[in-house]
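A quick write-up on the structure given underneath.
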Amino acid sequence: MAIRLILLGPPGVGKGTQAKKIAEAYGVPHISTGDMLREAVRKGTPLGREAKAIMDRGDLVPDRVVIGIVSDRMAGEDCRRGWILDGFPRTVEQADALGAMLTNLGGGVQYVVSFQMEEAGLVRRLSGRRSCESCRAAFHLFFNPPKQEGICDACGGRLVQRDDDREETVRERLSVYRRKTEPLIAYYQGRGLLRIVDAGARIEEVFPKVCEIIEGQSPGGVGTAHDHPEITGGD
Ligand code: AP5
């Protein structure tokens, strides 16, 4: 089955967590612009140097930069059998560019899964998030704790907090999401691609809901965020 999925949603809603599970279950690449940018920052490449200050203050990296890296990645051989986009597109300009990219590559988006939950829950998830500095495995101090405090279950590496998970940066990321990314909910709803998932449930409960959408067994919610204030925080 060719999976071509966009995971859309605010910071901390669980896009990366679910994307990894879907990628493993269906054998398609997980393309995370956040992960690619953090890798560039770690390596100190010109892209990383340009992106670091922007990411640290919770703003978006310029569209032309992100569109360039996604375009290169999606031309990869492994993307022929499908992909999961996590954190891209994030602006209408990026969504338009993705549409043009996919027309050139000969394919389209299968579904846009919009993960939604109330804002207080997002802040809780982000403040407790830890990831392994070696293998990047993700944990949460309360919801998904490692067996041994501060140590990765998978590789024994050290667990660290992301620089942009500090409280003031989180507030800015949420504000940027509302202004620049939330309009994509209406954008994709208008194209008949949007499926809404209540991401406030446990990780193991959210995953089957996404699988049902992928396999066409569930239509998911198809309304807008404003039709579902109970799962968006009603902002
Ligand atoms: P990016 O890395 O994409 O960050 P984000 O979108 O803000 O999303 P997060 O990674 O914070 O959250 P998530 O939804 O993946 O949640 P997760 O699964 O980790 O982007 C970072 C920055 O890069 C941006 O601010 C921007 O500067 C730049 N950037 C990236 N893409 C860009 C683009 N396209 N254009 C311009 N700039 C771009 O889960 C969070 C925590 O909760 C984890 O600890 C997890 O274990 C836990 N958790 C997950 N699900 C559950 C659950 N169901 N129950 C309980 N806990 C859960």
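Residues are named by chain letter and number: chains run A, B, ... in the order of the structure tokens, numbers start at 1 in each chain, and ligands are numbered from 1 in the order shown.
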For the structure I just gave you, how does DSSP split stretch 40-140 of chain A - specifically, which residues are helix (DSSP H, G or I)? Reply as an mmCIF file with N, CA, C and O atoms, in the first residue's frame.
data_model
loop_
_atom_site.group_PDB
_atom_site.id
_atom_site.type_symbol
_atom_site.label_atom_id
_atom_site.label_comp_id
_atom_site.auth_asym_id
_atom_site.auth_seq_id
_atom_site.Cartn_x
_atom_site.Cartn_y
_atom_site.Cartn_z
ATOM 1 N N ALA A 40 21.175 19.267 11.078
ATOM 2 C CA ALA A 40 22.044 20.279 10.459
ATOM 3 C C ALA A 40 22.666 21.180 11.525
ATOM 4 O O ALA A 40 23.839 21.560 11.437
ATOM 5 N N VAL A 41 21.887 21.495 12.565
ATOM 6 C CA VAL A 41 22.421 22.314 13.673
ATOM 7 C C VAL A 41 23.546 21.552 14.366
ATOM 8 O O VAL A 41 24.627 22.098 14.614
ATOM 9 N N ARG A 42 23.323 20.266 14.655
ATOM 10 C CA ARG A 42 24.339 19.458 15.347
ATOM 11 C C ARG A 42 25.626 19.387 14.549
ATOM 12 O O ARG A 42 26.717 19.457 15.079
ATOM 13 N N LYS A 43 25.478 19.264 13.211
ATOM 14 C CA LYS A 43 26.666 19.140 12.358
ATOM 15 C C LYS A 43 27.320 20.485 12.071
ATOM 16 O O LYS A 43 28.396 20.541 11.482
ATOM 17 N N PRO A 46 26.075 25.087 7.042
ATOM 18 C CA PRO A 46 25.541 26.446 6.810
ATOM 19 C C PRO A 46 24.032 26.510 7.083
ATOM 20 O O PRO A 46 23.545 27.468 7.690
ATOM 21 N N LEU A 47 23.306 25.463 6.673
ATOM 22 C CA LEU A 47 21.866 25.421 6.950
ATOM 23 C C LEU A 47 21.621 25.436 8.466
ATOM 24 O O LEU A 47 20.769 26.175 8.962
ATOM 25 N N GLY A 48 22.377 24.631 9.186
ATOM 26 C CA GLY A 48 22.226 24.553 10.641
ATOM 27 C C GLY A 48 22.518 25.887 11.300
ATOM 28 O O GLY A 48 21.814 26.300 12.236
ATOM 29 N N ARG A 49 23.539 26.575 10.800
ATOM 30 C CA ARG A 49 23.893 27.878 11.406
ATOM 31 C C ARG A 49 22.786 28.895 11.154
ATOM 32 O O ARG A 49 22.464 29.709 12.003
ATOM 33 N N GLU A 50 22.179 28.825 9.951
ATOM 34 C CA GLU A 50 21.085 29.751 9.633
ATOM 35 C C GLU A 50 19.843 29.427 10.491
ATOM 36 O O GLU A 50 19.155 30.321 10.976
ATOM 37 N N ALA A 51 19.606 28.125 10.707
ATOM 38 C CA ALA A 51 18.358 27.712 11.364
ATOM 39 C C ALA A 51 18.389 27.863 12.885
ATOM 40 O O ALA A 51 17.355 28.098 13.502
ATOM 41 N N LYS A 52 19.575 27.732 13.496
ATOM 42 C CA LYS A 52 19.627 27.586 14.959
ATOM 43 C C LYS A 52 18.931 28.731 15.728
ATOM 44 O O LYS A 52 18.065 28.490 16.568
ATOM 45 N N ALA A 53 19.303 29.957 15.404
ATOM 46 C CA ALA A 53 18.746 31.083 16.168
ATOM 47 C C ALA A 53 17.236 31.172 15.971
ATOM 48 O O ALA A 53 16.480 31.479 16.911
ATOM 49 N N ILE A 54 16.787 30.870 14.754
ATOM 50 C CA ILE A 54 15.345 30.936 14.455
ATOM 51 C C ILE A 54 14.605 29.888 15.275
ATOM 52 O O ILE A 54 13.570 30.161 15.892
ATOM 53 N N MET A 55 15.145 28.667 15.300
ATOM 54 C CA MET A 55 14.488 27.579 16.040
ATOM 55 C C MET A 55 14.502 27.869 17.540
ATOM 56 O O MET A 55 13.532 27.617 18.242
ATOM 57 N N ASP A 56 15.609 28.415 18.020
ATOM 58 C CA ASP A 56 15.713 28.688 19.460
ATOM 59 C C ASP A 56 14.704 29.728 19.933
ATOM 60 O O ASP A 56 14.308 29.729 21.090
ATOM 61 N N ASP A 63 10.601 29.721 4.331
ATOM 62 C CA ASP A 63 9.976 28.740 3.435
ATOM 63 C C ASP A 63 10.944 28.205 2.388
ATOM 64 O O ASP A 63 11.024 27.000 2.162
ATOM 65 N N ARG A 64 11.718 29.105 1.741
ATOM 66 C CA ARG A 64 12.587 28.647 0.642
ATOM 67 C C ARG A 64 13.579 27.601 1.130
ATOM 68 O O ARG A 64 13.892 26.645 0.418
ATOM 69 N N VAL A 65 14.050 27.746 2.362
ATOM 70 C CA VAL A 65 15.041 26.807 2.913
ATOM 71 C C VAL A 65 14.393 25.445 3.131
ATOM 72 O O VAL A 65 14.909 24.402 2.707
ATOM 73 N N VAL A 66 13.238 25.448 3.777
ATOM 74 C CA VAL A 66 12.581 24.182 4.123
ATOM 75 C C VAL A 66 12.063 23.492 2.866
ATOM 76 O O VAL A 66 12.171 22.265 2.729
ATOM 77 N N ILE A 67 11.518 24.266 1.943
ATOM 78 C CA ILE A 67 11.020 23.679 0.696
ATOM 79 C C ILE A 67 12.182 22.993 -0.035
ATOM 80 O O ILE A 67 12.045 21.891 -0.558
ATOM 81 N N GLY A 68 13.352 23.622 -0.001
ATOM 82 C CA GLY A 68 14.541 23.048 -0.656
ATOM 83 C C GLY A 68 14.923 21.701 -0.055
ATOM 84 O O GLY A 68 15.148 20.729 -0.781
ATOM 85 N N ILE A 69 14.949 21.612 1.279
ATOM 86 C CA ILE A 69 15.402 20.343 1.871
ATOM 87 C C ILE A 69 14.355 19.237 1.689
ATOM 88 O O ILE A 69 14.703 18.088 1.461
ATOM 89 N N VAL A 70 13.082 19.611 1.715
ATOM 90 C CA VAL A 70 12.043 18.576 1.521
ATOM 91 C C VAL A 70 12.050 18.100 0.072
ATOM 92 O O VAL A 70 11.931 16.900 -0.213
ATOM 93 N N SER A 71 12.235 19.040 -0.831
ATOM 94 C CA SER A 71 12.250 18.680 -2.247
ATOM 95 C C SER A 71 13.387 17.691 -2.545
ATOM 96 O O SER A 71 13.190 16.678 -3.221
ATOM 97 N N ASP A 72 14.570 17.943 -1.975
ATOM 98 C CA ASP A 72 15.706 17.016 -2.157
ATOM 99 C C ASP A 72 15.378 15.651 -1.563
ATOM 100 O O ASP A 72 15.635 14.611 -2.165
ATOM 101 N N ARG A 73 14.801 15.663 -0.376
ATOM 102 C CA ARG A 73 14.529 14.393 0.325
ATOM 103 C C ARG A 73 13.471 13.566 -0.410
ATOM 104 O O ARG A 73 13.579 12.342 -0.515
ATOM 105 N N MET A 74 12.462 14.246 -0.940
ATOM 106 C CA MET A 74 11.368 13.497 -1.567
ATOM 107 C C MET A 74 11.733 12.951 -2.937
ATOM 108 O O MET A 74 11.033 12.099 -3.479
ATOM 109 N N GLU A 77 14.990 7.699 -3.725
ATOM 110 C CA GLU A 77 14.423 6.437 -4.218
ATOM 111 C C GLU A 77 13.423 5.828 -3.217
ATOM 112 O O GLU A 77 12.369 5.310 -3.597
ATOM 113 N N ASP A 78 13.768 5.925 -1.908
ATOM 114 C CA ASP A 78 12.915 5.281 -0.898
ATOM 115 C C ASP A 78 11.542 5.939 -0.779
ATOM 116 O O ASP A 78 10.628 5.346 -0.201
ATOM 117 N N CYS A 79 11.385 7.152 -1.335
ATOM 118 C CA CYS A 79 10.081 7.818 -1.228
ATOM 119 C C CYS A 79 9.108 7.351 -2.314
ATOM 120 O O CYS A 79 7.938 7.749 -2.303
ATOM 121 N N ARG A 80 9.593 6.517 -3.222
ATOM 122 C CA ARG A 80 8.702 6.065 -4.299
ATOM 123 C C ARG A 80 7.550 5.224 -3.771
ATOM 124 O O ARG A 80 6.478 5.190 -4.372
ATOM 125 N N ARG A 81 7.810 4.484 -2.660
ATOM 126 C CA ARG A 81 6.726 3.642 -2.142
ATOM 127 C C ARG A 81 5.893 4.365 -1.072
ATOM 128 O O ARG A 81 5.030 3.758 -0.448
ATOM 129 N N VAL A 92 1.025 28.177 4.173
ATOM 130 C CA VAL A 92 0.318 27.994 2.903
ATOM 131 C C VAL A 92 1.324 27.949 1.750
ATOM 132 O O VAL A 92 1.179 27.149 0.813
ATOM 133 N N GLU A 93 2.373 28.759 1.837
ATOM 134 C CA GLU A 93 3.383 28.747 0.768
ATOM 135 C C GLU A 93 4.045 27.363 0.653
ATOM 136 O O GLU A 93 4.267 26.846 -0.437
ATOM 137 N N GLN A 94 4.340 26.755 1.804
ATOM 138 C CA GLN A 94 4.936 25.408 1.782
ATOM 139 C C GLN A 94 3.944 24.393 1.214
ATOM 140 O O GLN A 94 4.328 23.478 0.477
ATOM 141 N N ALA A 95 2.670 24.542 1.549
ATOM 142 C CA ALA A 95 1.662 23.600 1.042
ATOM 143 C C ALA A 95 1.530 23.722 -0.473
ATOM 144 O O ALA A 95 1.438 22.718 -1.189
ATOM 145 N N ASP A 96 1.560 24.960 -0.980
ATOM 146 C CA ASP A 96 1.497 25.153 -2.435
ATOM 147 C C ASP A 96 2.725 24.521 -3.102
ATOM 148 O O ASP A 96 2.617 23.873 -4.136
ATOM 149 N N ALA A 97 3.896 24.722 -2.479
ATOM 150 C CA ALA A 97 5.137 24.167 -3.050
ATOM 151 C C ALA A 97 5.091 22.641 -3.044
ATOM 152 O O ALA A 97 5.529 21.989 -3.999
ATOM 153 N N LEU A 98 4.548 22.056 -1.971
ATOM 154 C CA LEU A 98 4.434 20.597 -1.914
ATOM 155 C C LEU A 98 3.517 20.094 -3.030
ATOM 156 O O LEU A 98 3.829 19.103 -3.702
ATOM 157 N N GLY A 99 2.421 20.799 -3.241
ATOM 158 C CA GLY A 99 1.500 20.406 -4.313
ATOM 159 C C GLY A 99 2.222 20.373 -5.656
ATOM 160 O O GLY A 99 2.095 19.413 -6.426
ATOM 161 N N ALA A 100 3.033 21.400 -5.932
ATOM 162 C CA ALA A 100 3.766 21.460 -7.203
ATOM 163 C C ALA A 100 4.800 20.334 -7.279
ATOM 164 O O ALA A 100 4.962 19.680 -8.314
ATOM 165 N N MET A 101 5.477 20.088 -6.146
ATOM 166 C CA MET A 101 6.489 19.010 -6.066
ATOM 167 C C MET A 101 5.861 17.672 -6.419
ATOM 168 O O MET A 101 6.395 16.892 -7.193
ATOM 169 N N LEU A 102 4.691 17.413 -5.837
ATOM 170 C CA LEU A 102 4.049 16.105 -6.022
ATOM 171 C C LEU A 102 3.516 15.965 -7.438
ATOM 172 O O LEU A 102 3.522 14.877 -8.004
ATOM 173 N N THR A 103 3.084 17.066 -8.031
ATOM 174 C CA THR A 103 2.649 17.003 -9.428
ATOM 175 C C THR A 103 3.836 16.584 -10.297
ATOM 176 O O THR A 103 3.713 15.719 -11.160
ATOM 177 N N ASN A 104 5.006 17.163 -10.030
ATOM 178 C CA ASN A 104 6.206 16.799 -10.804
ATOM 179 C C ASN A 104 6.612 15.351 -10.589
ATOM 180 O O ASN A 104 7.050 14.676 -11.509
ATOM 181 N N LEU A 105 6.473 14.885 -9.336
ATOM 182 C CA LEU A 105 6.898 13.515 -9.023
ATOM 183 C C LEU A 105 5.838 12.496 -9.445
ATOM 184 O O LEU A 105 6.094 11.292 -9.461
ATOM 185 N N GLU A 119 -4.655 23.048 24.725
ATOM 186 C CA GLU A 119 -3.317 23.622 24.834
ATOM 187 C C GLU A 119 -2.582 23.256 26.122
ATOM 188 O O GLU A 119 -1.372 23.044 26.117
ATOM 189 N N ALA A 120 -3.320 23.141 27.237
ATOM 190 C CA ALA A 120 -2.653 22.806 28.505
ATOM 191 C C ALA A 120 -1.952 21.450 28.385
ATOM 192 O O ALA A 120 -0.852 21.243 28.895
ATOM 193 N N GLY A 121 -2.593 20.539 27.675
ATOM 194 C CA GLY A 121 -2.010 19.207 27.476
ATOM 195 C C GLY A 121 -0.742 19.279 26.638
ATOM 196 O O GLY A 121 0.230 18.544 26.887
ATOM 197 N N LEU A 122 -0.717 20.172 25.665
ATOM 198 C CA LEU A 122 0.474 20.317 24.809
ATOM 199 C C LEU A 122 1.661 20.781 25.638
ATOM 200 O O LEU A 122 2.774 20.266 25.508
ATOM 201 N N VAL A 123 1.406 21.766 26.513
ATOM 202 C CA VAL A 123 2.488 22.305 27.343
ATOM 203 C C VAL A 123 3.037 21.206 28.263
ATOM 204 O O VAL A 123 4.240 21.055 28.425
ATOM 205 N N ARG A 124 2.135 20.380 28.831
ATOM 206 C CA ARG A 124 2.566 19.264 29.694
ATOM 207 C C ARG A 124 3.448 18.295 28.911
ATOM 208 O O ARG A 124 4.486 17.848 29.376
ATOM 209 N N ARG A 125 3.027 17.989 27.693
ATOM 210 C CA ARG A 125 3.814 17.034 26.888
ATOM 211 C C ARG A 125 5.193 17.602 26.550
ATOM 212 O O ARG A 125 6.197 16.901 26.608
ATOM 213 N N LEU A 126 5.234 18.889 26.194
ATOM 214 C CA LEU A 126 6.525 19.461 25.783
ATOM 215 C C LEU A 126 7.473 19.620 26.965
ATOM 216 O O LEU A 126 8.677 19.383 26.834
ATOM 217 N N SER A 127 6.921 20.002 28.127
ATOM 218 C CA SER A 127 7.821 20.245 29.264
ATOM 219 C C SER A 127 8.424 18.934 29.776
ATOM 220 O O SER A 127 9.520 18.935 30.326
ATOM 221 N N GLY A 128 7.721 17.796 29.568
ATOM 222 C CA GLY A 128 8.254 16.523 30.062
ATOM 223 C C GLY A 128 9.004 15.724 29.009
ATOM 224 O O GLY A 128 9.512 14.638 29.277
#
Notebook entry, point to check: Counting only C-alpha atoms and all ligand atoms, what residues are within 7 Å of ligand 1, given as JSON, numbers by chain?
Noted result: {"A": [9, 10, 11, 12, 13, 14, 15, 16, 17, 18, 32, 33, 34, 35, 37, 54, 55, 58, 59, 60, 61, 62, 63, 66, 86, 87, 88, 89, 90, 125, 126, 128, 129, 130, 138, 139, 140, 143, 144, 173, 199, 200, 201, 202, 203, 206]}
Check: For A:Leu5, which residue out of A:Arg158, A:Leu85, A:Gly150, A:His30 is the nearest one, using only C-alpha atoms?
Finding: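 Checking each candidate against A:Leu5, we get A:Leu85 as the closest.
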Item checked: d(atom CA of A:Gly108, atom CA of A:Arg191) in Å -> 11.6 Å
Excluding same-chain residues fewer than 2 positions from A:Glu172, what lies within 8 Å of it counting only C-alpha atoms, as a tab-separated table (two decimals) with N, CA and C atoms, in the first residue's frame?
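Output contents, as saved in result.tsv:
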chain	number	residue	atom	x	y	z
A	57	ARG	N	14.30	30.62	19.02
A	57	ARG	CA	13.29	31.60	19.48
A	57	ARG	C	11.87	31.14	19.12
A	58	GLY	N	11.73	29.97	18.53
A	58	GLY	CA	10.41	29.37	18.29
A	58	GLY	C	9.75	29.82	17.01
A	59	ASP	N	10.50	30.47	16.14
A	59	ASP	CA	9.93	30.94	14.87
A	59	ASP	C	10.13	29.89	13.78
A	168	GLU	N	9.22	29.73	27.64
A	168	GLU	CA	8.91	30.93	26.84
A	168	GLU	C	8.95	30.60	25.34
A	169	THR	N	9.82	29.67	24.95
A	169	THR	CA	9.89	29.28	23.54
A	169	THR	C	8.66	28.48	23.15
A	170	VAL	N	8.19	27.64	24.07
A	170	VAL	CA	6.98	26.85	23.80
A	170	VAL	C	5.80	27.79	23.52
A	174	LEU	N	3.66	27.89	20.00
A	174	LEU	CA	2.21	27.71	19.92
A	174	LEU	C	1.55	28.89	19.20
A	175	SER	N	2.06	30.08	19.47
A	175	SER	CA	1.51	31.26	18.82
A	175	SER	C	1.80	31.25	17.31
A	176	VAL	N	3.02	30.86	16.96
A	176	VAL	CA	3.38	30.76	15.53
A	176	VAL	C	2.51	29.70	14.85
Next item on the list: Could you please determine the separation between atom CA of A:Ile6 and atom CA of A:Val109 in Å, to one decimal place?
Entry: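 Calculated distance between atom CA of A:Ile6 and atom CA of A:Val109 is 7.4 Å.
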Check: Interatomic distance between atom CA of A:Glu204 and atom CA of A:Ala2?
Finding: 23.1 Å
Margin query: Measuring between only C-alpha atoms, which one of A:Arg178, A:Phe142, A:Arg38, A:Cys135 shows the shortest distance to A:Asp164?
Written below: A:Arg38
